[in-house]
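> Have a look at this one.
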Amino acid sequence: MKKSNKLKIFNDPIYGFITIPNSLIFDLIEHPYFQRLRRISQMGLSYMVYPGAHHTRFHHALGSMHLMQKAVNVLRFKGVEINSKEEKALYTAILLHDIGHGPFSHAMEHSIVKNVSHEQISLKFMQSLDENFNGNLTMAIQIFQGVYPRRFMCQLISSQIDMDRSDYLKRDSFYTGVSEGNVNSERLITMLNVRNDELVVEEKGIYSIEKFLVARRFMYWQVYLHKTSLVAEQLIVKVLKRAKDLISNNTKLPASSALTYFLENTITLENFDESKLELFARLDDYDLIMALKQWQNHDDFVLCTLSKMIINRDLLKIKFKSKPIKKESLDSKLKAFQKLNNLTLEESEFFVFEGNISNQAYQHRKEEIMILKKSGKVVPINKVSEQFDFNISSLSKETVKYYICYPKEIH
């Protein structure tokens, strides 16, 4: 049998060459579970607004691992002890942190599998891979779950300045062309340090954090919560709900076997076993696009119209308000659409609905970003922000916007 070269490199448009650090990482990348991420869009339906946003979860996972390699080198250079087993576990955990995403990433969360987050599915994938790889992922799983005793390692995977955010802000900014989100991830990483096993940022890195948080806030309003991608994602959720309703009433719908299974059955965390995981691993963006292309010719008005809207990018109108949507406004639009198309109220609710979104760049209640002062003292960022003319309070404020969606033909 030919021995494969496991010291390969990837050419990445953001960082240049990304090296595979060890044979375990190579074998994980080769695994069908991970290769599936090539077919999962990183930014859901954002390409309907930003035509370049066709990059995938595969790109992002490799980029995050590359930044983790940089972080490990920086911390070791500063005298932080990270043994080879921990190093391997850090690379594994960050590589697989998003492996549980379903079609179109966040757009489909909770729609295909009821009340199960992508993190919970990622954990199931990692546990399954751990069995395949003879327990070599055990420490990575502990770090991913946040239970490994060395806290800073868990923070490198999931915190307000983790490697996941450091990559996706820079990558999404690059592929959308929204330059305001372009953070200097490498600069921020060189400012990292560890005190009492907690991740800290050296005082001179405070402006890098400010830029990072401002970029994150901007990217959420400008890109992730953009009204057009928001309405497109809502339509995907609605079309799947309609498909599920029709199937439960014994209507046959063309779809891949994996998608059909999840439409026909209610899958929860309790019954999400190994066989369901195998089926979930067969799901990607293409299953959904293929289904929508077929459903646009279905004789059910709701399914057919919603599918056409997504395929042809002829979406609902969406209006943002600073206060909750008035019931009278929603009801009048519902009735107008119901009358225009001779539908039931329940059918009209697929086209006329309201909701809300929120944005908070710095979640200080969740976990503070800690600053290492020149004196050696460690303090929360809000204690030093004023000294640096850095307004952390405005970045900590949660902003909520309310929206109403309805067809263009009604006013």
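Order determines the names: the first chain of the structure tokens is A, the second B, and so forth; residues in each chain are numbered 1 upward, and ligands are numbered 1 upward as they are shown.
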Could you write out, as a ChimeraX atom specification, all the residues of range 147-191 of chain A that DSSP marks as helix (DSSP H, G or I)?
/A:151-157,163-176,179-181,185-190
> Met43 in chain A: which residues within 9 Å, counting only C-alpha atoms, same-chain residues fewer than 6 positions away excluded, as a list in words?
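Here the answer would be Ala53, His54, His55, Thr56, Arg57, Phe104, Ser105, His106, Ala107, Asp172 and Tyr224 of chain A.
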> Store the residues picked out above, limited to C-alpha atoms, as a PDB file, in the first residue's frame.

ATOM      1  CA  ALA A  53     -19.358  35.031   0.211  1.00  0.00           C
ATOM      2  CA  HIS A  54     -19.183  31.458  -1.091  1.00  0.00           C
ATOM      3  CA  HIS A  55     -16.421  30.290   1.250  1.00  0.00           C
ATOM      4  CA  THR A  56     -17.042  27.203   3.352  1.00  0.00           C
ATOM      5  CA  ARG A  57     -16.747  25.834   6.877  1.00  0.00           C
ATOM      6  CA  PHE A 104     -26.268  26.739   5.266  1.00  0.00           C
ATOM      7  CA  SER A 105     -24.656  26.874   8.744  1.00  0.00           C
ATOM      8  CA  HIS A 106     -26.697  28.946  11.232  1.00  0.00           C
ATOM      9  CA  ALA A 107     -29.695  29.323   8.888  1.00  0.00           C
ATOM     10  CA  ASP A 172     -15.784  36.860   6.223  1.00  0.00           C
ATOM     11  CA  TYR A 224     -24.427  38.705   9.543  1.00  0.00           C
TER      12      TYR A 224
END
> One decimal, in Å: what's the spacing between CA of Thr228 in chain A and CA of Phe262 in chain A?
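CA of Thr228 in chain A sits 26.9 Å away from CA of Phe262 in chain A.
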> Restrict the calculation to only C-alpha atoms, then for each residue of range 3-109 of chain A with any atom at most 12 Å from an atom of range 186-194 of chain A give the closest atom pair and their distance in Å to one decimal, rows by chain and rising residue number, as a tab-separated table.

residue	atom	partner	partner_atom	distance
A:Ile14	CA	A:Glu186	CA	11.3
A:Tyr15	CA	A:Glu186	CA	9.6
A:Gly63	CA	A:Glu186	CA	11.7
A:Ser64	CA	A:Glu186	CA	11.5
A:His66	CA	A:Glu186	CA	10.3
A:Leu67	CA	A:Glu186	CA	7.4
A:Met68	CA	A:Ile189	CA	9.0
A:Gln69	CA	A:Ile189	CA	10.3
A:Lys70	CA	A:Ile189	CA	7.3
A:Ala71	CA	A:Ile189	CA	5.8
A:Val72	CA	A:Ile189	CA	9.5
A:Asn73	CA	A:Thr190	CA	9.3
A:Val74	CA	A:Thr190	CA	6.0
A:Leu75	CA	A:Asn193	CA	6.1
A:Arg76	CA	A:Asn193	CA	9.4
A:Phe77	CA	A:Asn193	CA	9.9
A:Lys78	CA	A:Asn193	CA	7.2
A:Gly79	CA	A:Val194	CA	9.2
A:Val80	CA	A:Val194	CA	6.9
A:Glu81	CA	A:Val194	CA	9.9
A:Ile82	CA	A:Val194	CA	11.2
> Name all residues at most 8 Å from Gln127 in chain A (count only C-alpha atoms; drop same-chain ones fewer than 3 positions away) and give them as a PyMOL selection string.
chain A and resi 123-124+130-131+137+141
> With N, CA, C and O atoms retained, export the selected residues as a CSV table (one decimal), in the first residue's frame.

chain,number,residue,atom,x,y,z
A,123,LEU,N,-20.0,17.9,19.2
A,123,LEU,CA,-19.5,17.1,20.2
A,123,LEU,C,-19.8,15.6,19.9
A,123,LEU,O,-19.0,14.7,20.1
A,124,LYS,N,-21.0,15.3,19.3
A,124,LYS,CA,-21.3,13.9,18.9
A,124,LYS,C,-20.4,13.4,17.8
A,124,LYS,O,-19.9,12.3,17.8
A,130,ASP,N,-13.5,9.9,18.1
A,130,ASP,CA,-12.7,9.5,19.2
A,130,ASP,C,-12.6,8.0,19.2
A,130,ASP,O,-11.6,7.4,19.4
A,131,GLU,N,-13.8,7.3,19.0
A,131,GLU,CA,-13.8,5.9,18.9
A,131,GLU,C,-13.0,5.4,17.7
A,131,GLU,O,-12.3,4.4,17.8
A,137,LEU,N,-8.8,11.6,20.7
A,137,LEU,CA,-9.5,12.9,20.7
A,137,LEU,C,-10.0,13.2,22.1
A,137,LEU,O,-10.7,14.2,22.3
A,141,ILE,N,-11.7,16.8,23.3
A,141,ILE,CA,-13.1,16.8,23.7
A,141,ILE,C,-13.3,17.6,25.0
A,141,ILE,O,-14.2,18.4,25.2
> Which of these, A:Lys326, A:Lys401, A:Lys339, A:His31, has the shortest distance to Ile357 in chain A once you count only C-alpha atoms?
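Result for the nearest residue to Ile357 in chain A: A:Lys401.
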> Pick the closest to Pro254 in chain A from A:Asp287, A:Glu346, A:Glu202, A:Asp27: which is it, counting only C-alpha atoms?
A:Asp287
> Take CA of Ser396 in chain A and CA of Ile206 in chain A and report the distance between them in Å, one decimal.
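Here the two named atoms are 15.6 Å from each other.
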> Of the residues A:Asn359, A:Asn265, A:Thr260, A:Asn342, which is the one nearest to Val113 in chain A, using only C-alpha atoms?
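Comparing A:Asn359, A:Asn265, A:Thr260, A:Asn342 against Val113 in chain A, the winner is A:Asn265.
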> As a PyMOL selection string, list the residues of range 213-391 of chain A assigned to strand (DSSP E or B) by DSSP on the backbone atoms of this structure.
chain A and resi 317-321+353-359+370-372+378-380
> Nearest to Glu278 in chain A among A:Ala93, A:Ile29, A:Leu246, A:Leu129, with distances taken over only C-alpha atoms: which residue is it?
A:Leu129
> List as a JSON list (two decimals) with C-alpha atoms, in the first residue's frame the protein and nucleic acid residues near Ile381 in chain A, meaning an atom at most 7 Å away when only C-alpha atoms are counted, but skip any in the same chain fewer than 2 places from it.

[["chain", "number", "residue", "atom", "x", "y", "z"],
["A", 369, "ILE", "CA", -11.48, 40.06, 28.70],
["A", 370, "MET", "CA", -8.62, 40.31, 31.20],
["A", 371, "ILE", "CA", -5.74, 42.77, 30.71],
["A", 379, "VAL", "CA", -7.64, 43.55, 35.64],
["A", 383, "LYS", "CA", -11.23, 48.90, 34.51],
["A", 384, "VAL", "CA", -8.57, 50.17, 32.09],
["A", 385, "SER", "CA", -10.65, 51.19, 29.07]]
> Report as a ChimeraX atom specification all protein, DNA and RNA residues lying within 8 Å of range 85-88 of chain A, evaluated on only C-alpha atoms, omitting residues in the same chain fewer than 3 positions from it.
/A:22,72,82,91-92,139-140
> With only C-alpha atoms as the atoms that count, which of A:Ala291, A:Ile267, A:Val200, A:Met163 lies nearest to Asn115 in chain A?
A:Ile267
> Tell me which of A:Lys293, A:Arg313, A:Arg216, A:His59 sits closest to Tyr47 in chain A, counting only C-alpha atoms.
A:Arg313
> Kindly give the distance, in Å, that separates CA of Leu253 in chain A and CA of Ser111 in chain A, rounded to a single decimal.
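The value is 17.3 Å.
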> Give me the residues within 8 Å of Leu345 in chain A as a PyMOL selection string, counting only C-alpha atoms and dropping any in the same chain fewer than 5 places off.
chain A and resi 334-335+338
